[in-house]
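> Here you go, this is run-v7.pdb (PDB, C-alpha atoms).
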ATOM      1  CA  MET B   1      -9.307   2.020 -12.810
ATOM      2  CA  ALA B   2      -6.699   2.994 -10.208
ATOM      3  CA  ILE B   3      -6.835  -0.529  -8.717
ATOM      4  CA  PHE B   4      -7.552  -4.004  -9.995
ATOM      5  CA  THR B   5     -10.911  -5.452  -8.994
ATOM      6  CA  PRO B   6     -11.202  -8.740  -7.056
ATOM      7  CA  THR B   7     -12.085 -10.509 -10.313
ATOM      8  CA  GLU B   8      -9.054  -9.042 -12.077
ATOM      9  CA  ILE B   9      -6.804  -9.979  -9.163
ATOM     10  CA  THR B  10      -8.049 -13.563  -9.187
ATOM     11  CA  ASP B  11      -7.686 -13.925 -12.959
ATOM     12  CA  ASN B  12      -4.269 -12.261 -12.964
ATOM     13  CA  TYR B  13      -2.969 -14.522 -10.213
ATOM     14  CA  MET B  14      -4.135 -17.621 -12.073
ATOM     15  CA  LYS B  15      -2.249 -16.432 -15.165
ATOM     16  CA  ALA B  16       0.864 -15.736 -13.099
ATOM     17  CA  SER B  17       0.582 -19.203 -11.567
ATOM     18  CA  VAL B  18       1.188 -20.762 -14.978
ATOM     19  CA  GLY B  19       4.628 -19.153 -15.089
ATOM     20  CA  LYS B  20       5.323 -20.242 -11.515
ATOM     21  CA  ALA B  21       4.328 -23.820 -12.333
ATOM     22  CA  GLU B  22       6.392 -24.022 -15.521
ATOM     23  CA  SER B  23       9.505 -22.302 -14.170
ATOM     24  CA  PRO B  24      12.702 -24.408 -14.250
ATOM     25  CA  ALA B  25      13.507 -26.080 -10.956
ATOM     26  CA  TRP B  26      16.827 -24.264 -10.557
ATOM     27  CA  ARG B  27      15.132 -20.864 -10.988
ATOM     28  CA  LEU B  28      12.350 -21.701  -8.533
ATOM     29  CA  PHE B  29      14.877 -22.885  -5.978
ATOM     30  CA  ILE B  30      17.080 -19.781  -6.221
ATOM     31  CA  LEU B  31      14.086 -17.457  -5.940
ATOM     32  CA  ALA B  32      12.813 -19.516  -2.995
ATOM     33  CA  VAL B  33      16.162 -19.322  -1.201
ATOM     34  CA  ALA B  34      16.045 -15.558  -1.735
ATOM     35  CA  ALA B  35      12.522 -15.388  -0.287
ATOM     36  CA  GLY B  36      13.613 -17.388   2.770
ATOM     37  CA  VAL B  37      16.411 -14.892   3.343
ATOM     38  CA  LEU B  38      14.103 -11.889   2.851
ATOM     39  CA  ILE B  39      11.421 -13.162   5.233
ATOM     40  CA  GLY B  40      14.201 -13.990   7.667
ATOM     41  CA  LEU B  41      15.537 -10.451   7.406
ATOM     42  CA  GLY B  42      12.106  -9.188   8.375
ATOM     43  CA  ALA B  43      12.404 -11.386  11.462
ATOM     44  CA  VAL B  44      15.967 -10.230  12.170
ATOM     45  CA  THR B  45      15.059  -6.550  12.061
ATOM     46  CA  SER B  46      11.849  -6.902  14.064
ATOM     47  CA  SER B  47      13.537  -8.985  16.770
ATOM     48  CA  THR B  48      16.390  -6.513  16.994
ATOM     49  CA  ALA B  49      13.964  -3.633  17.491
ATOM     50  CA  ALA B  50      11.742  -5.438  19.997
ATOM     51  CA  HIS B  51      14.153  -7.468  22.130
ATOM     52  CA  GLY B  52      14.782  -4.781  24.735
ATOM     53  CA  LEU B  53      11.125  -4.070  25.459
ATOM     54  CA  GLU B  54       9.491  -5.454  28.581
ATOM     55  CA  ASN B  55       5.775  -5.125  27.841
ATOM     56  CA  ALA B  56       4.486  -8.072  25.790
ATOM     57  CA  GLY B  57       2.037  -5.908  23.878
ATOM     58  CA  LEU B  58       4.750  -3.427  22.920
ATOM     59  CA  VAL B  59       7.023  -6.278  21.831
ATOM     60  CA  ARG B  60       4.336  -7.551  19.460
ATOM     61  CA  LEU B  61       3.465  -4.070  18.230
ATOM     62  CA  MET B  62       7.086  -3.218  17.464
ATOM     63  CA  SER B  63       7.586  -6.564  15.726
ATOM     64  CA  GLY B  64       4.383  -6.071  13.751
ATOM     65  CA  LEU B  65       5.413  -2.636  12.569
ATOM     66  CA  ILE B  66       8.755  -3.849  11.215
ATOM     67  CA  PHE B  67       8.285  -7.485  10.141
ATOM     68  CA  PRO B  68       6.179  -6.605   7.031
ATOM     69  CA  VAL B  69       9.337  -5.388   5.298
ATOM     70  CA  GLY B  70      10.079  -9.067   4.650
ATOM     71  CA  LEU B  71       6.983  -9.719   2.530
ATOM     72  CA  MET B  72       7.357  -6.319   0.871
ATOM     73  CA  MET B  73      10.781  -7.369  -0.397
ATOM     74  CA  VAL B  74       9.528 -10.819  -1.405
ATOM     75  CA  ILE B  75       6.700  -9.451  -3.559
ATOM     76  CA  LEU B  76       8.459  -6.441  -5.033
ATOM     77  CA  MET B  77      11.552  -8.516  -5.930
ATOM     78  CA  GLY B  78       9.504 -11.310  -7.514
ATOM     79  CA  THR B  79      10.806 -14.133  -5.327
ATOM     80  CA  GLU B  80       8.994 -17.376  -4.473
ATOM     81  CA  LEU B  81       7.332 -17.815  -1.075
ATOM     82  CA  PHE B  82       5.677 -21.103  -0.115
ATOM     83  CA  THR B  83       2.863 -19.552   1.895
ATOM     84  CA  GLY B  84       1.822 -17.140  -0.831
ATOM     85  CA  ASN B  85       2.021 -19.902  -3.424
ATOM     86  CA  ALA B  86      -0.842 -21.655  -1.654
ATOM     87  CA  LEU B  87      -2.959 -19.369  -3.852
ATOM     88  CA  MET B  88      -1.818 -21.345  -6.906
ATOM     89  CA  ILE B  89      -4.640 -23.713  -5.983
ATOM     90  CA  THR B  90      -6.865 -21.408  -8.057
ATOM     91  CA  ALA B  91      -4.951 -22.172 -11.255
ATOM     92  CA  ALA B  92      -5.080 -25.918 -10.562
ATOM     93  CA  LEU B  93      -8.832 -25.794  -9.977
ATOM     94  CA  ASP B  94      -9.255 -23.879 -13.234
ATOM     95  CA  GLY B  95      -7.229 -26.402 -15.210
ATOM     96  CA  LYS B  96      -4.490 -23.918 -16.086
ATOM     97  CA  ILE B  97      -1.833 -26.012 -14.326
ATOM     98  CA  SER B  98      -1.749 -29.667 -13.348
ATOM     99  CA  TRP B  99      -1.918 -30.830  -9.745
ATOM    100  CA  ALA B 100       1.514 -32.412 -10.223
ATOM    101  CA  ARG B 101       2.941 -29.030 -11.252
ATOM    102  CA  LEU B 102       1.332 -27.397  -8.245
ATOM    103  CA  LEU B 103       2.898 -29.904  -5.847
ATOM    104  CA  ARG B 104       6.245 -29.615  -7.656
ATOM    105  CA  ASN B 105       6.221 -25.861  -7.104
ATOM    106  CA  TRP B 106       5.269 -26.200  -3.461
ATOM    107  CA  GLY B 107       7.978 -28.792  -2.806
ATOM    108  CA  ILE B 108      10.816 -26.890  -4.477
ATOM    109  CA  VAL B 109       9.803 -23.556  -2.990
ATOM    110  CA  PHE B 110       9.392 -24.973   0.514
ATOM    111  CA  ALA B 111      12.879 -26.506   0.339
ATOM    112  CA  GLY B 112      14.401 -23.278  -0.962
ATOM    113  CA  ASN B 113      12.670 -21.163   1.693
ATOM    114  CA  PHE B 114      14.016 -23.529   4.353
ATOM    115  CA  VAL B 115      17.586 -23.332   3.063
ATOM    116  CA  GLY B 116      17.534 -19.544   2.840
ATOM    117  CA  ALA B 117      16.000 -18.923   6.254
ATOM    118  CA  VAL B 118      18.157 -21.470   8.114
ATOM    119  CA  ALA B 119      21.339 -20.205   6.436
ATOM    120  CA  LEU B 120      20.464 -16.670   7.521
ATOM    121  CA  ALA B 121      19.808 -17.894  11.070
ATOM    122  CA  ALA B 122      23.263 -19.486  11.202
ATOM    123  CA  CYS B 123      24.898 -16.292   9.951
ATOM    124  CA  MET B 124      23.150 -14.185  12.581
ATOM    125  CA  ALA B 125      23.951 -16.596  15.437
ATOM    126  CA  PHE B 126      27.594 -17.297  14.625
ATOM    127  CA  PHE B 127      28.798 -14.010  13.149
ATOM    128  CA  GLY B 128      27.916 -11.473  15.818
ATOM    129  CA  GLN B 129      24.521  -9.989  15.004
ATOM    130  CA  LEU B 130      23.041 -11.486  18.182
ATOM    131  CA  ASN B 131      25.690  -9.656  20.246
ATOM    132  CA  ILE B 132      23.418  -6.598  20.299
ATOM    133  CA  GLY B 133      22.588  -5.584  23.853
ATOM    134  CA  GLY B 134      25.590  -7.478  25.154
ATOM    135  CA  GLY B 135      23.984 -10.745  24.035
ATOM    136  CA  ASP B 136      20.472  -9.837  25.151
ATOM    137  CA  LEU B 137      19.304 -10.315  21.582
ATOM    138  CA  ALA B 138      20.641 -13.890  21.628
ATOM    139  CA  VAL B 139      18.703 -14.601  24.829
ATOM    140  CA  TYR B 140      15.533 -13.099  23.337
ATOM    141  CA  THR B 141      16.025 -15.158  20.165
ATOM    142  CA  ALA B 142      16.367 -18.383  22.157
ATOM    143  CA  LYS B 143      13.304 -17.473  24.233
ATOM    144  CA  VAL B 144      11.208 -16.976  21.086
ATOM    145  CA  ALA B 145      12.433 -20.258  19.595
ATOM    146  CA  ALA B 146      11.706 -22.245  22.763
ATOM    147  CA  ALA B 147       8.202 -20.790  22.987
ATOM    148  CA  LYS B 148       7.434 -21.717  19.388
ATOM    149  CA  ASN B 149       8.680 -25.276  19.832
ATOM    150  CA  ALA B 150       6.638 -25.612  23.025
ATOM    151  CA  LEU B 151       3.293 -24.822  21.389
ATOM    152  CA  PRO B 152       0.776 -27.688  21.526
ATOM    153  CA  TRP B 153       0.442 -29.281  18.081
ATOM    154  CA  ALA B 154      -3.193 -28.201  17.669
ATOM    155  CA  ASN B 155      -2.374 -24.628  18.676
ATOM    156  CA  ALA B 156       0.444 -24.401  16.143
ATOM    157  CA  PHE B 157      -1.858 -25.780  13.435
ATOM    158  CA  VAL B 158      -4.722 -23.360  14.118
ATOM    159  CA  LEU B 159      -2.417 -20.353  14.512
ATOM    160  CA  GLY B 160      -0.902 -21.362  11.172
ATOM    161  CA  ILE B 161      -4.330 -21.290   9.517
ATOM    162  CA  PHE B 162      -5.061 -17.730  10.571
ATOM    163  CA  CYS B 163      -1.558 -16.573   9.757
ATOM    164  CA  ASN B 164      -1.783 -17.595   6.133
ATOM    165  CA  LEU B 165      -5.306 -16.257   5.797
ATOM    166  CA  MET B 166      -3.775 -12.855   6.471
ATOM    167  CA  VAL B 167      -0.629 -13.446   4.404
ATOM    168  CA  CYS B 168      -2.615 -14.490   1.328
ATOM    169  CA  ILE B 169      -5.002 -11.578   1.786
ATOM    170  CA  ALA B 170      -1.908  -9.350   1.863
ATOM    171  CA  VAL B 171      -0.708 -10.929  -1.394
ATOM    172  CA  TYR B 172      -4.077 -10.275  -3.046
ATOM    173  CA  GLN B 173      -4.230  -6.737  -1.675
ATOM    174  CA  ALA B 174      -0.742  -6.047  -3.013
ATOM    175  CA  ASN B 175      -1.962  -7.153  -6.419
ATOM    176  CA  THR B 176      -4.814  -4.647  -6.371
ATOM    177  CA  ALA B 177      -2.318  -1.833  -6.863
ATOM    178  CA  GLN B 178      -0.493  -0.717 -10.000
ATOM    179  CA  ASP B 179       2.185   1.288  -8.179
ATOM    180  CA  THR B 180       4.835   0.481  -5.589
ATOM    181  CA  ALA B 181       3.342   2.574  -2.785
ATOM    182  CA  GLY B 182      -0.052   0.950  -3.203
ATOM    183  CA  ARG B 183       1.442  -2.533  -3.155
ATOM    184  CA  ILE B 184       3.379  -1.763   0.018
ATOM    185  CA  LEU B 185       0.259  -0.412   1.699
ATOM    186  CA  GLY B 186      -1.717  -3.518   0.714
ATOM    187  CA  ILE B 187       0.932  -5.737   2.301
ATOM    188  CA  PHE B 188       1.563  -3.793   5.486
ATOM    189  CA  PHE B 189      -1.611  -4.018   7.564
ATOM    190  CA  PRO B 190      -2.458  -7.753   7.242
ATOM    191  CA  ILE B 191       1.150  -8.718   7.974
ATOM    192  CA  MET B 192       1.336  -6.350  10.921
ATOM    193  CA  GLY B 193      -1.906  -7.907  12.140
ATOM    194  CA  PHE B 194      -0.746 -11.515  12.030
ATOM    195  CA  VAL B 195       2.471 -10.692  13.893
ATOM    196  CA  LEU B 196       0.603  -8.646  16.483
ATOM    197  CA  ALA B 197      -1.864 -11.501  17.018
ATOM    198  CA  GLY B 198       0.921 -14.070  17.474
ATOM    199  CA  PHE B 199      -0.013 -16.268  14.504
ATOM    200  CA  GLU B 200       2.507 -18.766  13.105
ATOM    201  CA  HIS B 201       4.196 -18.515   9.701
ATOM    202  CA  CYS B 202       6.236 -21.538   8.640
ATOM    203  CA  VAL B 203       8.871 -19.607   6.682
ATOM    204  CA  ALA B 204       9.339 -16.989   9.405
ATOM    205  CA  ASP B 205       9.686 -19.843  11.899
ATOM    206  CA  MET B 206      12.381 -21.331   9.657
ATOM    207  CA  TYR B 207      14.400 -18.340  10.812
ATOM    208  CA  TYR B 208      13.131 -17.803  14.353
ATOM    209  CA  VAL B 209      13.556 -21.349  15.660
ATOM    210  CA  PRO B 210      16.904 -22.275  14.061
ATOM    211  CA  ALA B 211      18.279 -18.879  15.137
ATOM    212  CA  GLY B 212      17.425 -19.747  18.735
ATOM    213  CA  ILE B 213      18.889 -23.228  18.383
ATOM    214  CA  PHE B 214      22.097 -21.871  16.871
ATOM    215  CA  ALA B 215      22.298 -19.162  19.547
ATOM    216  CA  TYR B 216      22.249 -21.857  22.231
ATOM    217  CA  MET B 217      24.897 -23.820  20.324
ATOM    218  CA  ASN B 218      27.182 -20.765  20.303
ATOM    219  CA  PRO B 219      29.365 -20.870  23.468
ATOM    220  CA  ALA B 220      29.271 -17.075  23.605
ATOM    221  CA  TYR B 221      25.561 -17.205  24.465
ATOM    222  CA  THR B 222      24.976 -20.618  26.062
ATOM    223  CA  GLY B 223      25.576 -19.470  29.639
ATOM    224  CA  MET B 224      23.413 -16.377  29.240
ATOM    225  CA  ILE B 225      20.548 -18.434  27.837
ATOM    226  CA  ASP B 226      20.802 -20.988  30.661
ATOM    227  CA  ALA B 227      20.863 -18.193  33.227
ATOM    228  CA  ALA B 228      17.682 -16.710  31.755
ATOM    229  CA  GLY B 229      15.741 -19.830  32.757
ATOM    230  CA  ILE B 230      14.669 -20.692  29.218
ATOM    231  CA  ASN B 231      13.461 -24.258  28.599
ATOM    232  CA  THR B 232      16.403 -25.238  26.420
ATOM    233  CA  ALA B 233      15.284 -28.873  26.197
ATOM    234  CA  SER B 234      13.123 -27.885  23.221
ATOM    235  CA  LEU B 235      15.953 -26.117  21.388
ATOM    236  CA  ASN B 236      16.707 -28.887  18.919
ATOM    237  CA  PHE B 237      15.867 -29.609  15.302
ATOM    238  CA  GLY B 238      13.842 -32.713  16.104
ATOM    239  CA  ASP B 239      11.308 -30.713  18.106
ATOM    240  CA  PHE B 240      11.461 -27.962  15.513
ATOM    241  CA  ILE B 241      10.318 -30.321  12.763
ATOM    242  CA  THR B 242       7.666 -32.261  14.693
ATOM    243  CA  ALA B 243       6.253 -29.527  16.944
ATOM    244  CA  ASN B 244       6.556 -26.531  14.623
ATOM    245  CA  VAL B 245       7.304 -27.175  10.963
ATOM    246  CA  VAL B 246       4.704 -29.895  10.447
ATOM    247  CA  PRO B 247       1.665 -28.344  12.198
ATOM    248  CA  VAL B 248       2.398 -24.757  11.157
ATOM    249  CA  THR B 249       2.978 -25.718   7.523
ATOM    250  CA  LEU B 250      -0.236 -27.742   7.387
ATOM    251  CA  GLY B 251      -2.125 -24.861   8.980
ATOM    252  CA  ASN B 252      -0.604 -22.407   6.517
ATOM    253  CA  ILE B 253      -1.713 -24.595   3.618
ATOM    254  CA  VAL B 254      -5.273 -24.742   4.953
ATOM    255  CA  GLY B 255      -5.430 -20.983   5.498
ATOM    256  CA  GLY B 256      -3.952 -20.105   2.112
ATOM    257  CA  VAL B 257      -6.080 -22.595   0.219
ATOM    258  CA  ALA B 258      -9.185 -21.244   1.991
ATOM    259  CA  VAL B 259      -8.441 -17.756   0.676
ATOM    260  CA  GLY B 260      -7.788 -19.103  -2.811
ATOM    261  CA  LEU B 261     -10.967 -21.206  -2.848
ATOM    262  CA  THR B 262     -13.055 -18.243  -1.702
ATOM    263  CA  MET B 263     -11.653 -15.928  -4.359
ATOM    264  CA  TYR B 264     -11.932 -18.604  -7.044
ATOM    265  CA  ALA B 265     -15.528 -19.458  -6.201
ATOM    266  CA  CYS B 266     -16.735 -15.886  -5.895
ATOM    267  CA  HIS B 267     -14.581 -13.720  -8.138
ATOM    268  CA  ARG B 268     -13.061 -15.610 -11.053
ATOM    269  CA  THR B 269     -14.255 -14.897 -14.560
ATOM    270  CA  LYS B 270     -16.387 -17.897 -15.503
ATOM    271  CA  LYS B 271     -15.035 -19.979 -18.362
ATOM    272  CA  ASP B 272     -18.040 -19.392 -20.608
ATOM    273  CA  ALA B 273     -17.555 -15.643 -20.162
ATOM    274  CA  ARG B 274     -13.983 -15.851 -21.440
ATOM    275  CA  LYS B 275     -14.920 -17.130 -24.879
TER     276      LYS B 275
END
The structure given in the file should be rewritten as C-alpha cells.


Amino acid sequence: MAIFTPTEITDNYMKASVGKAESPAWRLFILAVAAGVLIGLGAVTSSTAAHGLENAGLVRLMSGLIFPVGLMMVILMGTELFTGNALMITAALDGKISWARLLRNWGIVFAGNFVGAVALAACMAFFGQLNIGGGDLAVYTAKVAAAKNALPWANAFVLGIFCNLMVCIAVYQANTAQDTAGRILGIFFPIMGFVLAGFEHCVADMYYVPAGIFAYMNPAYTGMIDAAGINTASLNFGDFITANVVPVTLGNIVGGVAVGLTMYACHRTKKDARK
C-alpha cells in the first residue's frame, strides 16, 4: 500500500518505542536538546513573520502556516520530543517496555527539550535576532510570554490537552507515509490547526516564555516593553514554572495519552493474532 494503515502505524510506533526506551541517557538527552532547539526555531520563524501584523486572526494564521516547520524537522531528523513521546504509553500497555523505562524516557527528554529551547531563547534575546523591526519583535515576544504566563491554571491545562491531541495525531499521520512529502503533509495541518486555535504546547512555551523574559532582561528592549504597557510582573521564571510549565505539561500528557490509548484499544494487532 502507498500508506501504512492505522493498525500498522500503531504496531510500528510500539516497536519504535522499544528503541526509545532502551536508548542510552546521553543519546536521549542530546536528541532532546536538538528537538527543543528545532521546535524553538519554529517559534522563532513564526513570531518573526507575524509580529508586525495587527489583526489577531492574521497573526495566528501566519504563525500557524510557519510553526509546523519545527515538528517537521523534529520528525524527519529523528530527534526526541516529549509531547510526541506521550504515545510511548502504547508500548508500556502492551508490555514491550516497562513503566520505569517510559518514565525515564519522559524525564530525560523533557529536561533536554527544556535546555534546548531555553538556550535558543537566550541566544535570540541577547544576540540581536529580536532587533527586527527596530525592537518590535522583542516587544511582541514579551507580549506573548506575558499572555501565556497570565493564563488561568485550568485554561492552560485544558488548552494543553487539545494541543497534544493534535500534535500526536500529526505524529501518527506522519507515520502513515513512506516518503518525505507525505510525512510533511501529515504533520502540517494538525500543527497549523493547534497554533491557529491558540492551544498550548509545553516545549514551544519553553521557547516563547523564556524569550520574553530574556527580552525584558535585555536593557536594549526593557524601555520599549515597559512603554508598550505589557504586564511585566509575570515575566519571571517562577510564574513560568507554576502558571505555564506545570499545567500545560500535564495537559499535554493527558492529550497525548488519550490519542495513544485510543489507537491502542482500537487499532493494535491483538497479541493472539501475532503468534

> When distances are computed from all atoms listed in the file, which of B:Thr141, B:Thr262, B:Asn85, B:Ser47 shows the smallest separation from B:Arg104?

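Nearest to B:Arg104: B:Asn85.
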
> From the options B:Ala233, B:Ile191, B:Val171, B:Leu81, which residue's atoms come nearest to B:Leu28, counting all atoms listed in the file?

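Between B:Ala233, B:Ile191, B:Val171, B:Leu81, the residue approaching B:Leu28 most closely is B:Leu81.
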
> To verify the selection step, state as a JSON list (two decimals) with C-alpha atoms, in the frame of the given file which residues the PyMOL selection byres ((chain B and resi 33) around 6) yields on this input.


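selection-v9.json written:
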[["chain", "number", "residue", "atom", "x", "y", "z"],
["B", 30, "ILE", "CA", 17.08, -19.78, -6.22],
["B", 31, "LEU", "CA", 14.09, -17.46, -5.94],
["B", 32, "ALA", "CA", 12.81, -19.52, -3.00],
["B", 34, "ALA", "CA", 16.05, -15.56, -1.74],
["B", 35, "ALA", "CA", 12.52, -15.39, -0.29],
["B", 36, "GLY", "CA", 13.61, -17.39, 2.77],
["B", 112, "GLY", "CA", 14.40, -23.28, -0.96],
["B", 113, "ASN", "CA", 12.67, -21.16, 1.69],
["B", 116, "GLY", "CA", 17.53, -19.54, 2.84]]

> Calculate how many Å separate atom CA of B:Met166 from atom CA of B:Thr269, rounding to one decimal.

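According to the coordinates, atom CA of B:Met166 and atom CA of B:Thr269 are separated by 23.6 Å.
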
> Produce a table with one row for each residue of stretch 79-136 of chain B that has an atom at most 12 Å from any atom of stretch 13-18 of chain B, each row naming the nearest atom pair and its distance in Å at one decimal; use all atoms listed in the file; arrange rows by chain and rising residue number; format as a Markdown table.


| residue | atom | partner | partner_atom | distance |
| --- | --- | --- | --- | --- |
| B:Glu80 | CA | B:Ser17 | CA | 11.2 |
| B:Gly84 | CA | B:Tyr13 | CA | 10.9 |
| B:Asn85 | CA | B:Ser17 | CA | 8.3 |
| B:Ala86 | CA | B:Ser17 | CA | 10.3 |
| B:Leu87 | CA | B:Tyr13 | CA | 8.0 |
| B:Met88 | CA | B:Ser17 | CA | 5.7 |
| B:Ile89 | CA | B:Met14 | CA | 8.6 |
| B:Thr90 | CA | B:Met14 | CA | 6.2 |
| B:Ala91 | CA | B:Met14 | CA | 4.7 |
| B:Ala92 | CA | B:Met14 | CA | 8.5 |
| B:Leu93 | CA | B:Met14 | CA | 9.7 |
| B:Asp94 | CA | B:Met14 | CA | 8.2 |
| B:Gly95 | CA | B:Met14 | CA | 9.8 |
| B:Lys96 | CA | B:Val18 | CA | 6.6 |
| B:Ile97 | CA | B:Val18 | CA | 6.1 |
| B:Ser98 | CA | B:Val18 | CA | 9.5 |
| B:Trp99 | CA | B:Val18 | CA | 11.8 |
| B:Arg101 | CA | B:Val18 | CA | 9.2 |
| B:Leu102 | CA | B:Ser17 | CA | 8.9 |
| B:Asn105 | CA | B:Ser17 | CA | 9.8 |
| B:Trp106 | CA | B:Ser17 | CA | 11.7 |

> Please measure the separation of atom CA of B:Val59 and atom CA of B:Asp136, giving the value in Å to one decimal.

14.3 Å

> Rank B:Leu71, B:Ile225, B:Ala154, B:Leu76 by their smallest atom-to-atom distance to B:Ala177, using all atoms listed in the file, and report the top residue only.

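When distances to B:Ala177 are compared using all atoms listed in the file, the smallest one comes from B:Leu76.
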
> Quick check, in Å to one decimal: how far apart do atom CA of B:Phe110 and atom CA of B:Ala243 lie?

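Separating atom CA of B:Phe110 from atom CA of B:Ala243 is a distance of 17.3 Å.
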
> I want to know what sits within 12 Å of B:Asn131, based on all atoms listed in the file, with residues of the same chain fewer than 4 positions away left out; could you give that as a compact mmCIF listing (two decimals) with C-alpha atoms, in the coordinates of the input?


# COMPACT_ATOMS: atom_id res chain seq x y z
CA THR B 48 16.39 -6.51 16.99
CA HIS B 51 14.15 -7.47 22.13
CA MET B 124 23.15 -14.18 12.58
CA ALA B 125 23.95 -16.60 15.44
CA PHE B 126 27.59 -17.30 14.62
CA PHE B 127 28.80 -14.01 13.15
CA GLY B 135 23.98 -10.74 24.04
CA ASP B 136 20.47 -9.84 25.15
CA LEU B 137 19.30 -10.32 21.58
CA ALA B 138 20.64 -13.89 21.63
CA VAL B 139 18.70 -14.60 24.83
CA TYR B 140 15.53 -13.10 23.34
CA THR B 141 16.02 -15.16 20.16
CA ALA B 215 22.30 -19.16 19.55
CA ASN B 218 27.18 -20.76 20.30
CA ALA B 220 29.27 -17.08 23.60
CA TYR B 221 25.56 -17.20 24.46
CA MET B 224 23.41 -16.38 29.24

> Which residue, B:Pro210, B:Asn244, B:Thr232, B:Ala50, has the smallest gap to B:Met62 when you use only C-alpha atoms?

B:Ala50

> Within 12 Å of B:Pro152, counting only C-alpha atoms, which residues show up once you throw out same-chain ones fewer than 4 positions away? Write them as a list in words, please.

Ala147, Lys148, Ala156, Phe157, Val158, Leu159, Asp239, Thr242, Ala243, Asn244, Val246, Pro247 and Val248 of chain B

> Those same residues, written as a tab-separated table (two decimals), in the coordinates of the input with C-alpha atoms?


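Output file out08.tsv is given in full below:
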chain	number	residue	atom	x	y	z
B	147	ALA	CA	8.20	-20.79	22.99
B	148	LYS	CA	7.43	-21.72	19.39
B	156	ALA	CA	0.44	-24.40	16.14
B	157	PHE	CA	-1.86	-25.78	13.44
B	158	VAL	CA	-4.72	-23.36	14.12
B	159	LEU	CA	-2.42	-20.35	14.51
B	239	ASP	CA	11.31	-30.71	18.11
B	242	THR	CA	7.67	-32.26	14.69
B	243	ALA	CA	6.25	-29.53	16.94
B	244	ASN	CA	6.56	-26.53	14.62
B	246	VAL	CA	4.70	-29.90	10.45
B	247	PRO	CA	1.66	-28.34	12.20
B	248	VAL	CA	2.40	-24.76	11.16

> Can you work out which one of B:Cys123, B:Ala21, B:Val144, B:Met192 has the shortest atom-to-atom distance to B:Gly42, counting all atoms listed in the file?

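Once distances to B:Gly42 are computed over all atoms listed in the file, the minimum belongs to B:Met192.
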
> Please evaluate the PyMOL selection byres ((chain B and resi 196) around 6) against the displayed coordinates and give the resulting residues as an mmCIF file with C-alpha atoms, keeping the file's coordinate frame.


data_model
loop_
_atom_site.group_PDB
_atom_site.id
_atom_site.type_symbol
_atom_site.label_atom_id
_atom_site.label_comp_id
_atom_site.auth_asym_id
_atom_site.auth_seq_id
_atom_site.Cartn_x
_atom_site.Cartn_y
_atom_site.Cartn_z
ATOM 1 C CA ARG B 60 4.336 -7.551 19.460
ATOM 2 C CA LEU B 61 3.465 -4.070 18.230
ATOM 3 C CA GLY B 64 4.383 -6.071 13.751
ATOM 4 C CA GLY B 193 -1.906 -7.907 12.140
ATOM 5 C CA PHE B 194 -0.746 -11.515 12.030
ATOM 6 C CA VAL B 195 2.471 -10.692 13.893
ATOM 7 C CA ALA B 197 -1.864 -11.501 17.018
ATOM 8 C CA GLY B 198 0.921 -14.070 17.474
#

> Which residues are near stretch 252-254 of chain B? Cut-off 8 Å, only C-alpha atoms, ignore same chain within fewer than 5 positions. Put them as a ChimeraX atom specification.

/B:83,86,157,160-165,201-202

> Name the closest residue to B:Phe114 among the candidates B:Phe82, B:Tyr216, B:Phe189, B:Trp153; distances are taken between atoms, counting all atoms listed in the file.

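Using all atoms listed in the file, the shortest distance to B:Phe114 belongs to B:Phe82.
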